[in-house]
file target_20.cif (mmCIF, C-alpha atoms)
data_upload
#
loop_
_atom_site.label_atom_id
_atom_site.label_comp_id
_atom_site.auth_asym_id
_atom_site.auth_seq_id
_atom_site.Cartn_x
_atom_site.Cartn_y
_atom_site.Cartn_z
CA GLY Q 292 103.33 154.95 78.05
CA SER Q 293 101.78 152.10 80.00
CA TYR Q 294 102.86 148.56 79.10
CA ALA Q 295 102.02 145.06 80.30
CA MET Q 296 104.98 142.76 79.64
CA ALA Q 297 106.07 139.19 80.34
CA TRP Q 298 109.64 137.99 80.80
CA HIS Q 299 110.81 134.43 80.12
CA GLN Q 300 113.50 132.39 81.88
CA ASP Q 301 115.96 133.05 79.06
CA GLY Q 302 115.61 136.82 79.63
CA SER Q 303 113.49 137.47 76.57
CA HIS Q 304 110.24 139.40 76.94
CA GLU Q 305 107.08 140.21 75.05
CA PHE Q 306 104.52 143.02 75.15
CA LEU Q 307 101.15 141.79 76.33
CA SER Q 308 99.46 145.14 75.93
CA THR Q 309 100.58 148.64 75.00
CA ALA Q 310 97.24 150.26 75.85
CA SER Q 311 97.25 152.98 78.50
CA GLY Q 312 96.05 151.83 81.90
CA TRP Q 313 96.78 148.13 81.43
CA GLY Q 314 98.46 146.02 84.08
CA ALA Q 315 99.28 142.35 84.69
CA GLY Q 316 98.72 140.69 88.06
CA ASP Q 317 99.42 136.96 88.41
CA ILE Q 318 100.57 133.91 86.45
CA SER Q 319 99.28 130.33 86.60
CA ASP Q 320 101.35 127.12 86.44
CA SER Q 321 100.36 126.77 82.79
CA GLY Q 322 101.63 130.27 81.91
CA LEU Q 323 98.32 132.16 81.86
CA ILE Q 324 98.90 135.80 82.87
CA THR Q 325 96.08 137.87 84.34
CA GLY Q 326 95.42 141.39 83.16
CA VAL Q 327 93.09 144.29 83.83
CA GLY Q 328 92.60 147.49 81.85
CA PRO Q 329 90.26 149.50 79.59
CA ASN Q 330 87.97 147.39 77.43
CA PRO Q 331 89.27 147.67 73.82
CA MET Q 332 85.70 147.90 72.45
CA ASN Q 333 84.32 150.31 75.07
CA SER Q 334 86.75 152.42 77.10
CA ASN Q 335 84.02 153.17 79.66
CA TYR Q 336 84.32 149.58 80.88
CA THR Q 337 87.14 147.54 82.35
CA SER Q 338 88.31 144.29 80.76
CA ILE Q 339 89.47 141.50 83.11
CA GLY Q 340 90.99 138.27 81.84
CA TYR Q 341 94.25 136.59 80.96
CA TRP Q 342 96.84 136.23 78.22
CA ASP Q 343 97.52 132.81 76.76
CA GLN Q 344 100.82 132.30 74.90
CA ASN Q 345 98.97 130.39 72.18
CA ARG Q 346 95.61 132.18 71.97
CA GLY Q 347 96.45 135.71 73.08
CA TRP Q 348 94.03 137.75 75.17
CA HIS Q 349 90.97 136.00 76.67
CA GLU Q 350 88.42 138.17 78.45
CA ILE Q 351 86.73 136.66 81.52
CA THR Q 352 84.43 139.61 82.17
CA ASP Q 353 84.02 143.24 81.18
CA GLY Q 354 84.48 144.00 84.87
CA GLY Q 355 81.82 146.69 85.00
CA ALA Q 356 82.13 150.43 84.56
CA ASN Q 357 85.46 152.16 85.11
CA LEU Q 358 84.21 153.74 88.33
CA ARG Q 359 85.26 150.44 89.93
CA GLN Q 360 88.88 150.32 91.16
CA TRP Q 361 90.22 146.81 90.57
CA THR Q 362 93.28 145.46 92.40
CA GLY Q 363 94.74 142.20 93.72
CA LEU Q 364 94.20 140.28 90.47
CA SER Q 365 95.00 136.55 90.83
CA ILE Q 366 94.50 133.29 88.94
CA SER Q 367 94.43 129.69 90.18
CA ASP Q 368 97.30 127.37 89.23
CA ASP Q 369 95.01 125.35 86.95
CA GLY Q 370 93.68 128.51 85.30
CA GLN Q 371 90.08 127.62 86.16
CA SER Q 372 89.32 130.62 88.37
CA LEU Q 373 90.29 134.28 88.42
CA ALA Q 374 89.73 136.74 91.29
CA CYS Q 375 89.93 140.49 91.76
CA MET Q 376 89.14 143.09 94.44
CA ASP Q 377 87.12 146.25 93.83
CA TRP Q 378 88.33 148.91 96.27
CA ARG Q 379 85.62 151.46 95.51
CA TYR Q 380 82.72 149.21 96.51
CA SER Q 381 84.72 146.83 98.76
CA GLU Q 382 83.63 143.75 96.80
CA TYR Q 383 85.70 140.66 96.00
CA PHE Q 384 84.87 138.61 92.90
CA VAL Q 385 85.87 135.09 91.90
CA TRP Q 386 85.05 134.09 88.31
CA ASN Q 387 85.11 130.69 86.63
CA SER Q 388 87.10 130.38 83.42
CA ASP Q 389 83.87 130.64 81.39
CA GLY Q 390 83.16 134.08 82.90
CA SER Q 391 80.41 133.00 85.32
CA VAL Q 392 80.66 134.35 88.88
CA ARG Q 393 81.70 131.71 91.44
CA HIS Q 394 81.73 134.02 94.48
CA ARG Q 395 80.86 137.68 95.01
CA LEU Q 396 81.78 138.87 98.50
CA GLN Q 397 80.67 142.11 100.06
CA MET Q 398 83.32 143.03 102.61
CA PRO Q 399 82.03 143.75 106.15
CA SER Q 400 83.34 147.33 105.99
CA GLN Q 401 84.65 149.85 103.47
CA GLY Q 402 88.38 150.15 103.04
CA MET Q 403 91.43 149.34 100.92
CA TRP Q 404 91.26 145.56 101.20
CA SER Q 405 94.19 143.52 99.86
CA PRO Q 406 93.38 139.84 99.15
CA ILE Q 407 95.76 136.84 99.19
CA SER Q 408 94.22 133.54 98.09
CA ASN Q 409 95.35 129.92 98.05
CA GLU Q 410 94.41 126.92 95.93
CA ARG Q 411 91.88 125.68 98.52
CA GLY Q 412 89.65 128.65 97.85
CA GLN Q 413 90.55 130.35 101.14
CA VAL Q 414 91.28 134.08 101.09
CA PHE Q 415 93.18 136.27 103.56
CA PHE Q 416 92.17 139.95 103.50
CA ASP Q 417 94.48 142.65 104.85
CA ASN Q 418 93.01 146.14 105.20
CA PHE Q 419 95.26 149.13 104.56
CA SER Q 420 92.61 151.50 105.94
CA ASN Q 421 92.38 149.95 109.40
CA ASP Q 422 93.78 147.05 111.40
CA GLU Q 423 91.13 144.39 110.86
CA PRO Q 424 92.50 141.48 108.76
CA LEU Q 425 90.00 138.77 107.90
CA MET Q 426 89.99 135.15 106.75
CA TRP Q 427 87.34 133.76 104.39
CA SER Q 428 86.48 130.31 103.06
CA PRO Q 429 83.49 129.05 101.01
CA THR Q 430 82.37 126.91 103.97
CA GLU Q 431 83.08 129.19 106.94
CA GLY Q 432 82.56 132.67 105.54
CA PHE Q 433 84.40 135.56 107.21
CA THR Q 434 86.40 135.13 110.43
CA ASN Q 435 88.42 137.79 112.23
CA PHE Q 436 92.13 137.00 112.01
CA TYR Q 437 92.73 137.98 115.65
CA ASP Q 438 90.08 135.54 116.83
CA LEU Q 439 92.16 132.75 115.27
CA LEU Q 440 95.45 133.66 116.92
CA ASP Q 441 96.64 131.95 120.07
CA PRO Q 442 96.20 134.52 122.90
CA GLY Q 443 99.89 134.09 123.74
CA ASN Q 444 100.87 135.68 120.42
CA ASN Q 445 99.53 139.19 121.06
CA VAL Q 446 103.06 140.62 121.25
CA TYR Q 447 103.00 141.56 117.58
CA GLN Q 448 101.79 144.64 115.73
CA TRP Q 449 101.18 143.48 112.18
CA PHE Q 450 102.64 145.55 109.35
CA SER Q 451 101.93 143.51 106.23
CA PHE Q 452 100.93 140.03 105.08
CA SER Q 453 102.67 138.63 102.02
CA ASP Q 454 101.58 135.04 101.29
CA PHE Q 455 98.97 132.42 102.19
CA ASN Q 456 99.76 128.86 101.08
CA ASP Q 457 97.62 125.77 100.60
CA ASN Q 458 98.49 124.47 104.08
CA GLY Q 459 97.04 127.59 105.70
CA VAL Q 460 100.43 129.14 106.52
CA ILE Q 461 100.60 132.95 106.36
CA THR Q 462 103.83 134.95 106.09
CA ALA Q 463 103.95 138.47 107.49
CA THR Q 464 106.11 141.31 108.77
CA ALA Q 465 105.41 142.43 112.33
CA LEU Q 466 106.69 144.67 115.13
CA ARG Q 467 107.25 143.03 118.51
CA ASN Q 468 106.56 144.78 121.80
CA ASP Q 469 110.34 144.94 122.36
CA GLY Q 470 110.68 147.21 119.29
CA THR Q 471 112.20 144.63 116.91
CA ILE Q 472 110.76 144.00 113.46
CA ARG Q 473 110.41 140.34 112.51
CA ASN Q 474 109.44 138.35 109.45
CA VAL Q 475 107.16 135.64 110.78
CA TRP Q 476 104.98 132.81 109.61
CA ILE Q 477 101.68 131.86 111.21
CA GLU Q 478 100.64 128.24 110.89
CA PRO Q 479 97.73 126.04 112.00
CA VAL Q 480 98.54 123.88 115.03
CA PRO Q 481 96.56 120.63 114.74
CA GLU Q 482 95.42 118.82 117.87
CA PRO Q 483 94.03 115.25 118.10
CA ALA Q 484 90.48 116.58 118.25
CA THR Q 485 90.95 118.59 115.04
CA LEU Q 486 92.69 116.03 112.85
CA ALA Q 487 89.43 115.19 111.07
CA ALA Q 488 88.90 118.87 110.22
CA LEU Q 489 92.46 119.01 108.87
CA THR Q 490 91.59 116.59 106.10
CA ILE Q 491 88.65 118.77 105.02
CA GLY Q 492 90.78 121.90 104.65
CA THR Q 493 88.33 124.34 106.24
CA LEU Q 494 89.02 127.28 108.54
CA ALA Q 495 88.17 125.04 111.48
CA LEU Q 496 91.83 124.08 111.61
CA LEU Q 497 92.82 127.68 112.22
CA ARG Q 498 91.20 127.92 115.66
CA ARG Q 499 94.57 127.97 117.40
CA ARG Q 500 97.65 129.59 115.92
CA GLN Q 501 101.34 129.49 116.59
CA VAL Q 502 103.67 132.28 115.52
CA ARG Q 503 107.32 131.60 114.82
CA SER Q 504 109.94 134.21 114.12
CA ASN Q 505 113.13 133.93 112.16
#

call {"tool": "encode", "arguments": {"input": "target_20.cif", "output": "C-alpha cells"}}
result
Amino acid sequence: GSYAMAWHQDGSHEFLSTASGWGAGDISDSGLITGVGPNPMNSNYTSIGYWDQNRGWHEITDGGANLRQWTGLSISDDGQSLACMDWRYSEYFVWNSDGSVRHRLQMPSQGMWSPISNERGQVFFDNFSNDEPLMWSPTEGFTNFYDLLDPGNNVYQWFSFSDFNDNGVITATALRNDGTIRNVWIEPVPEPATLAALTIGTLALLRRRQVRSN
C-alpha cells in the first residue's frame, strides 16, 4: 500500500492518508504537513493541501488533472503559502492559504526542475535534465545561477543543491577540478555599495558570490 504518515518527537506516529498515490512533502513551524495525491471526490484530479492536527485535511487546490506530475511540495513556516512544481508542463505554482494563486511561473525550458524556496519568497531551481540552475524572486524574476557566481569560483562542477535559507545561503555538493568532492555553501558577499539592497532582501545582493568548502 501507499501511506502518508507523521512521526512525533516521542516516537509515536499517525496515518495521514492510506489512499494509494498519496505523499507528504513539507511541514510548517505550526505543524501543518503538506500532501499531494488523488482527489477523494474525483480520482481524475489531484488534491494539493495540508493536514492540520486539529482540523484534519485541508485542500488548497484540486491541482488540475492527473496528467500533471507534481513534485517539490513545500509550505511556508507561517502556513500562509504552499508551493509545488509540475514536471510535465514545467510550471511552478505558489498558492495562498485560501487557495488563490499567488505566483504561477512558466520555466524558461522544459525539464525536471527541483525547487528550493525560502521565507523571503525567493526560489532556487535545480534542473536534473541539464546543468542550468536558476534563481527567482518576485521582484527580479529569473536569473541564471552561474551569472551570480564570482568568476573565481568556476572550479566546481555542481552535483546537487540541498537548501536555500532566508539569508540567501545555498548548500550544495560539488566536484572540484582536482577530483575531490566537497560539501559547500554559497553565500552573498555584501559590499558598501550594496548594503542598501541587503535590507530589501532582493536578488540584487547575489551579484557576487563566495564559495567556501568544508

call {"tool": "resolve_selection", "arguments": {"input": "target_20.cif", "expression": "the PyMOL selection byres ((chain Q and resi 381) around 7)", "output": "PyMOL selection string"}}
result
chain Q and resi 377-380+382-383+397-398+401-402

call {"tool": "closest_residue", "arguments": {"input": "target_20.cif", "among": "Q:Asn456, Q:Thr430, Q:Gln448, Q:Asn435", "to": "Pro399 (chain Q)", "atoms": "all atoms listed in the file"}}
result
Q:Asn435

call {"tool": "resolve_selection", "arguments": {"input": "target_20.cif", "expression": "the PyMOL selection byres ((chain Q and resi 375) around 7)", "output": "list in words"}}
result
Trp361, Thr362, Gly363, Leu364, Ser365, Ala374, Met376, Asp377, Tyr383, Phe384 and Val385 of chain Q

call {"tool": "residues_near_point", "arguments": {"input": "target_20.cif", "point": "(108.2, 141.6, 113.5)", "cutoff": "7 Å", "atoms": "all atoms listed in the file", "output": "list of chain:residue names"}}
result
Q:Tyr447, Q:Thr464, Q:Ala465, Q:Leu466, Q:Arg467, Q:Thr471, Q:Ile472, Q:Arg473, Q:Asn474, Q:Val475

call {"tool": "atom_distance", "arguments": {"input": "target_20.cif", "atom1": "CA of Leu323 (chain Q)", "atom2": "CA of Asp301 (chain Q)"}}
result
17.9 Å

call {"tool": "resolve_selection", "arguments": {"input": "target_20.cif", "expression": "the PyMOL selection byres ((chain Q and resi 404) around 6)", "output": "compact mmCIF listing (two decimals) with C-alpha atoms, keeping the file's coordinate frame"}}
result
# COMPACT_ATOMS: atom_id res chain seq x y z
CA GLY Q 402 88.38 150.15 103.04
CA MET Q 403 91.43 149.34 100.92
CA SER Q 405 94.19 143.52 99.86
CA ASP Q 417 94.48 142.65 104.85
CA ASN Q 418 93.01 146.14 105.20

call {"tool": "atom_distance", "arguments": {"input": "target_20.cif", "atom1": "CA of Asp353 (chain Q)", "atom2": "CA of Pro424 (chain Q)"}}
result
28.9 Å

call {"tool": "atom_distance", "arguments": {"input": "target_20.cif", "atom1": "CA of Gly470 (chain Q)", "atom2": "CA of Phe436 (chain Q)"}}
result
22.4 Å

call {"tool": "closest_residue", "arguments": {"input": "target_20.cif", "among": "Q:Trp427, Q:Trp386, Q:Phe415, Q:Trp342", "to": "Val460 (chain Q)", "atoms": "only C-alpha atoms"}}
result
Q:Phe415

call {"tool": "closest_residue", "arguments": {"input": "target_20.cif", "among": "Q:Ile407, Q:Val414, Q:Ala463, Q:Ile339", "to": "Ser388 (chain Q)", "atoms": "all atoms listed in the file"}}
result
Q:Ile339

call {"tool": "residues_around", "arguments": {"input": "target_20.cif", "residues": "Ser321 (chain Q)", "least_positions_apart": "2", "cutoff": "10 Å", "atoms": "all atoms listed in the file", "output": "list in words"}}
result
Ile318, Ser319, Leu323, Ile324, Asp343, Gln344, Ser367, Asp368, Asp369 and Gly370 of chain Q

call {"tool": "write_last_selection", "arguments": {"input": "target_20.cif", "atoms": "C-alpha atoms", "output": "mmCIF file, in the coordinates of the input"}}
result
data_model
loop_
_atom_site.group_PDB
_atom_site.id
_atom_site.type_symbol
_atom_site.label_atom_id
_atom_site.label_comp_id
_atom_site.auth_asym_id
_atom_site.auth_seq_id
_atom_site.Cartn_x
_atom_site.Cartn_y
_atom_site.Cartn_z
ATOM 1 C CA ILE Q 318 100.570 133.910 86.450
ATOM 2 C CA SER Q 319 99.280 130.330 86.600
ATOM 3 C CA LEU Q 323 98.320 132.160 81.860
ATOM 4 C CA ILE Q 324 98.900 135.800 82.870
ATOM 5 C CA ASP Q 343 97.520 132.810 76.760
ATOM 6 C CA GLN Q 344 100.820 132.300 74.900
ATOM 7 C CA SER Q 367 94.430 129.690 90.180
ATOM 8 C CA ASP Q 368 97.300 127.370 89.230
ATOM 9 C CA ASP Q 369 95.010 125.350 86.950
ATOM 10 C CA GLY Q 370 93.680 128.510 85.300
#

call {"tool": "closest_residue", "arguments": {"input": "target_20.cif", "among": "Q:Gly340, Q:Gly412, Q:Gly355, Q:Gly390", "to": "Pro429 (chain Q)", "atoms": "all atoms listed in the file"}}
result
Q:Gly412

call {"tool": "closest_residue", "arguments": {"input": "target_20.cif", "among": "Q:Ser420, Q:Pro406, Q:Ser338, Q:Ile366", "to": "Asn387 (chain Q)", "atoms": "only C-alpha atoms"}}
result
Q:Ile366

call {"tool": "axis_aligned_box", "arguments": {"input": "target_20.cif", "around": "region 364-375 of chain Q", "padding_each_side": "5 Å", "output": "AutoDock Vina command-line options"}}
result
--center_x 93.3 --center_y 132.9 --center_z 88.5 --size_x 18.0 --size_y 25.1 --size_z 16.5

call {"tool": "closest_residue", "arguments": {"input": "target_20.cif", "among": "Q:Ser303, Q:Asn345, Q:Gly432, Q:Gly322", "to": "Arg395 (chain Q)", "atoms": "all atoms listed in the file"}}
result
Q:Gly432

call {"tool": "decode", "arguments": {"input": "target_20.cif", "residues": "region 296-428 of chain Q", "atoms": "C-alpha atoms", "output": "PDB file, in the first residue's frame"}}
result
ATOM      1  CA  MET Q 296       2.477   9.244   7.896  1.00  0.00           C
ATOM      2  CA  ALA Q 297       3.717  11.711  10.507  1.00  0.00           C
ATOM      3  CA  TRP Q 298       6.067  10.920  13.385  1.00  0.00           C
ATOM      4  CA  HIS Q 299       6.195  12.890  16.642  1.00  0.00           C
ATOM      5  CA  GLN Q 300       9.172  13.646  18.887  1.00  0.00           C
ATOM      6  CA  ASP Q 301       8.125  10.926  21.319  1.00  0.00           C
ATOM      7  CA  GLY Q 302       8.340   8.326  18.532  1.00  0.00           C
ATOM      8  CA  SER Q 303       4.599   7.950  18.074  1.00  0.00           C
ATOM      9  CA  HIS Q 304       3.118   8.252  14.593  1.00  0.00           C
ATOM     10  CA  GLU Q 305      -0.197   8.677  12.848  1.00  0.00           C
ATOM     11  CA  PHE Q 306      -1.553   7.841   9.397  1.00  0.00           C
ATOM     12  CA  LEU Q 307      -2.367  10.969   7.429  1.00  0.00           C
ATOM     13  CA  SER Q 308      -3.684   9.084   4.432  1.00  0.00           C
ATOM     14  CA  THR Q 309      -3.922   5.441   3.418  1.00  0.00           C
ATOM     15  CA  ALA Q 310      -5.050   6.196  -0.142  1.00  0.00           C
ATOM     16  CA  SER Q 311      -2.877   4.896  -2.968  1.00  0.00           C
ATOM     17  CA  GLY Q 312      -0.646   7.528  -4.536  1.00  0.00           C
ATOM     18  CA  TRP Q 313      -0.571   9.910  -1.571  1.00  0.00           C
ATOM     19  CA  GLY Q 314       2.608  11.536  -0.324  1.00  0.00           C
ATOM     20  CA  ALA Q 315       3.638  14.191   2.204  1.00  0.00           C
ATOM     21  CA  GLY Q 316       6.195  16.868   1.390  1.00  0.00           C
ATOM     22  CA  ASP Q 317       6.943  19.547   3.994  1.00  0.00           C
ATOM     23  CA  ILE Q 318       5.977  20.721   7.482  1.00  0.00           C
ATOM     24  CA  SER Q 319       5.479  24.267   8.782  1.00  0.00           C
ATOM     25  CA  ASP Q 320       6.530  25.653  12.178  1.00  0.00           C
ATOM     26  CA  SER Q 321       2.930  25.280  13.342  1.00  0.00           C
ATOM     27  CA  GLY Q 322       2.811  21.574  12.403  1.00  0.00           C
ATOM     28  CA  LEU Q 323       0.941  21.813   9.093  1.00  0.00           C
ATOM     29  CA  ILE Q 324       2.027  18.963   6.785  1.00  0.00           C
ATOM     30  CA  THR Q 325       1.700  19.290   3.023  1.00  0.00           C
ATOM     31  CA  GLY Q 326       0.276  16.491   0.937  1.00  0.00           C
ATOM     32  CA  VAL Q 327      -0.481  15.642  -2.675  1.00  0.00           C
ATOM     33  CA  GLY Q 328      -2.471  12.746  -4.101  1.00  0.00           C
ATOM     34  CA  PRO Q 329      -5.675  11.670  -5.882  1.00  0.00           C
ATOM     35  CA  ASN Q 330      -8.694  13.844  -5.135  1.00  0.00           C
ATOM     36  CA  PRO Q 331     -11.030  11.784  -2.878  1.00  0.00           C
ATOM     37  CA  MET Q 332     -14.114  13.046  -4.765  1.00  0.00           C
ATOM     38  CA  ASN Q 333     -12.705  12.710  -8.301  1.00  0.00           C
ATOM     39  CA  SER Q 334      -9.728  10.419  -8.893  1.00  0.00           C
ATOM     40  CA  ASN Q 335      -9.073  12.093 -12.264  1.00  0.00           C
ATOM     41  CA  TYR Q 336      -7.807  15.145 -10.390  1.00  0.00           C
ATOM     42  CA  THR Q 337      -5.005  15.745  -7.924  1.00  0.00           C
ATOM     43  CA  SER Q 338      -5.651  17.175  -4.465  1.00  0.00           C
ATOM     44  CA  ILE Q 339      -2.989  19.513  -3.006  1.00  0.00           C
ATOM     45  CA  GLY Q 340      -3.168  20.852   0.536  1.00  0.00           C
ATOM     46  CA  TYR Q 341      -2.104  20.179   4.091  1.00  0.00           C
ATOM     47  CA  TRP Q 342      -3.002  18.220   7.202  1.00  0.00           C
ATOM     48  CA  ASP Q 343      -3.797  20.085  10.396  1.00  0.00           C
ATOM     49  CA  GLN Q 344      -3.560  18.154  13.688  1.00  0.00           C
ATOM     50  CA  ASN Q 345      -6.807  19.756  14.839  1.00  0.00           C
ATOM     51  CA  ARG Q 346      -8.843  20.052  11.627  1.00  0.00           C
ATOM     52  CA  GLY Q 347      -7.526  17.181   9.514  1.00  0.00           C
ATOM     53  CA  TRP Q 348      -7.112  17.525   5.760  1.00  0.00           C
ATOM     54  CA  HIS Q 349      -7.475  20.991   4.181  1.00  0.00           C
ATOM     55  CA  GLU Q 350      -7.407  21.199   0.387  1.00  0.00           C
ATOM     56  CA  ILE Q 351      -5.706  24.262  -1.125  1.00  0.00           C
ATOM     57  CA  THR Q 352      -6.469  23.361  -4.740  1.00  0.00           C
ATOM     58  CA  ASP Q 353      -7.595  20.390  -6.810  1.00  0.00           C
ATOM     59  CA  GLY Q 354      -4.257  20.741  -8.589  1.00  0.00           C
ATOM     60  CA  GLY Q 355      -5.652  20.058 -12.049  1.00  0.00           C
ATOM     61  CA  ALA Q 356      -5.925  16.814 -13.958  1.00  0.00           C
ATOM     62  CA  ASN Q 357      -3.693  13.876 -13.077  1.00  0.00           C
ATOM     63  CA  LEU Q 358      -1.692  14.315 -16.276  1.00  0.00           C
ATOM     64  CA  ARG Q 359       0.289  16.873 -14.257  1.00  0.00           C
ATOM     65  CA  GLN Q 360       3.280  15.459 -12.346  1.00  0.00           C
ATOM     66  CA  TRP Q 361       3.581  17.328  -9.048  1.00  0.00           C
ATOM     67  CA  THR Q 362       6.805  17.369  -7.013  1.00  0.00           C
ATOM     68  CA  GLY Q 363       8.771  19.591  -4.621  1.00  0.00           C
ATOM     69  CA  LEU Q 364       5.784  20.349  -2.378  1.00  0.00           C
ATOM     70  CA  SER Q 365       6.589  22.974   0.288  1.00  0.00           C
ATOM     71  CA  ILE Q 366       4.804  25.204   2.801  1.00  0.00           C
ATOM     72  CA  SER Q 367       5.876  28.474   4.425  1.00  0.00           C
ATOM     73  CA  ASP Q 368       6.676  28.486   8.152  1.00  0.00           C
ATOM     74  CA  ASP Q 369       3.561  30.549   8.888  1.00  0.00           C
ATOM     75  CA  GLY Q 370       1.393  28.229   6.790  1.00  0.00           C
ATOM     76  CA  GLN Q 371       0.182  31.101   4.609  1.00  0.00           C
ATOM     77  CA  SER Q 372       1.562  29.850   1.296  1.00  0.00           C
ATOM     78  CA  LEU Q 373       2.065  26.475  -0.341  1.00  0.00           C
ATOM     79  CA  ALA Q 374       4.118  25.751  -3.475  1.00  0.00           C
ATOM     80  CA  CYS Q 375       4.549  22.844  -5.868  1.00  0.00           C
ATOM     81  CA  MET Q 376       6.324  22.064  -9.155  1.00  0.00           C
ATOM     82  CA  ASP Q 377       4.650  20.445 -12.160  1.00  0.00           C
ATOM     83  CA  TRP Q 378       7.311  18.495 -14.071  1.00  0.00           C
ATOM     84  CA  ARG Q 379       5.144  17.676 -17.088  1.00  0.00           C
ATOM     85  CA  TYR Q 380       4.467  21.298 -18.037  1.00  0.00           C
ATOM     86  CA  SER Q 381       7.483  22.834 -16.243  1.00  0.00           C
ATOM     87  CA  GLU Q 382       5.315  25.208 -14.204  1.00  0.00           C
ATOM     88  CA  TYR Q 383       5.820  26.299 -10.598  1.00  0.00           C
ATOM     89  CA  PHE Q 384       2.802  27.349  -8.520  1.00  0.00           C
ATOM     90  CA  VAL Q 385       2.574  29.281  -5.261  1.00  0.00           C
ATOM     91  CA  TRP Q 386      -0.866  29.345  -3.617  1.00  0.00           C
ATOM     92  CA  ASN Q 387      -2.179  31.451  -0.749  1.00  0.00           C
ATOM     93  CA  SER Q 388      -3.792  29.616   2.155  1.00  0.00           C
ATOM     94  CA  ASP Q 389      -7.248  30.464   0.757  1.00  0.00           C
ATOM     95  CA  GLY Q 390      -6.436  28.618  -2.481  1.00  0.00           C
ATOM     96  CA  SER Q 391      -5.869  31.683  -4.676  1.00  0.00           C
ATOM     97  CA  VAL Q 392      -2.771  31.638  -6.900  1.00  0.00           C
ATOM     98  CA  ARG Q 393      -0.004  33.982  -5.712  1.00  0.00           C
ATOM     99  CA  HIS Q 394       2.525  33.123  -8.442  1.00  0.00           C
ATOM    100  CA  ARG Q 395       2.429  30.871 -11.496  1.00  0.00           C
ATOM    101  CA  LEU Q 396       5.834  30.573 -13.155  1.00  0.00           C
ATOM    102  CA  GLN Q 397       6.477  29.105 -16.557  1.00  0.00           C
ATOM    103  CA  MET Q 398      10.035  27.796 -16.501  1.00  0.00           C
ATOM    104  CA  PRO Q 399      12.297  29.046 -19.338  1.00  0.00           C
ATOM    105  CA  SER Q 400      12.799  25.492 -20.615  1.00  0.00           C
ATOM    106  CA  GLN Q 401      11.350  22.007 -20.209  1.00  0.00           C
ATOM    107  CA  GLY Q 402      13.000  19.664 -17.760  1.00  0.00           C
ATOM    108  CA  MET Q 403      12.885  18.026 -14.340  1.00  0.00           C
ATOM    109  CA  TRP Q 404      13.105  21.180 -12.244  1.00  0.00           C
ATOM    110  CA  SER Q 405      13.606  20.813  -8.481  1.00  0.00           C
ATOM    111  CA  PRO Q 406      12.641  23.908  -6.432  1.00  0.00           C
ATOM    112  CA  ILE Q 407      14.027  25.032  -3.046  1.00  0.00           C
ATOM    113  CA  SER Q 408      12.326  28.086  -1.540  1.00  0.00           C
ATOM    114  CA  ASN Q 409      12.985  30.327   1.452  1.00  0.00           C
ATOM    115  CA  GLU Q 410      10.751  32.509   3.612  1.00  0.00           C
ATOM    116  CA  ARG Q 411      11.580  35.643   1.585  1.00  0.00           C
ATOM    117  CA  GLY Q 412       9.751  34.263  -1.416  1.00  0.00           C
ATOM    118  CA  GLN Q 413      12.974  33.506  -3.310  1.00  0.00           C
ATOM    119  CA  VAL Q 414      13.255  30.169  -5.106  1.00  0.00           C
ATOM    120  CA  PHE Q 415      16.306  28.236  -6.294  1.00  0.00           C
ATOM    121  CA  PHE Q 416      15.638  25.846  -9.193  1.00  0.00           C
ATOM    122  CA  ASP Q 417      17.971  22.948  -9.933  1.00  0.00           C
ATOM    123  CA  ASN Q 418      17.400  21.077 -13.201  1.00  0.00           C
ATOM    124  CA  PHE Q 419      18.025  17.338 -13.281  1.00  0.00           C
ATOM    125  CA  SER Q 420      17.697  17.307 -17.083  1.00  0.00           C
ATOM    126  CA  ASN Q 421      20.517  19.754 -17.797  1.00  0.00           C
ATOM    127  CA  ASP Q 422      23.012  21.945 -15.969  1.00  0.00           C
ATOM    128  CA  GLU Q 423      21.170  25.263 -15.824  1.00  0.00           C
ATOM    129  CA  PRO Q 424      20.215  26.159 -12.218  1.00  0.00           C
ATOM    130  CA  LEU Q 425      18.188  29.341 -11.814  1.00  0.00           C
ATOM    131  CA  MET Q 426      17.288  31.823  -9.087  1.00  0.00           C
ATOM    132  CA  TRP Q 427      13.894  33.555  -8.928  1.00  0.00           C
ATOM    133  CA  SER Q 428      12.377  36.301  -6.792  1.00  0.00           C
TER     134      SER Q 428
END
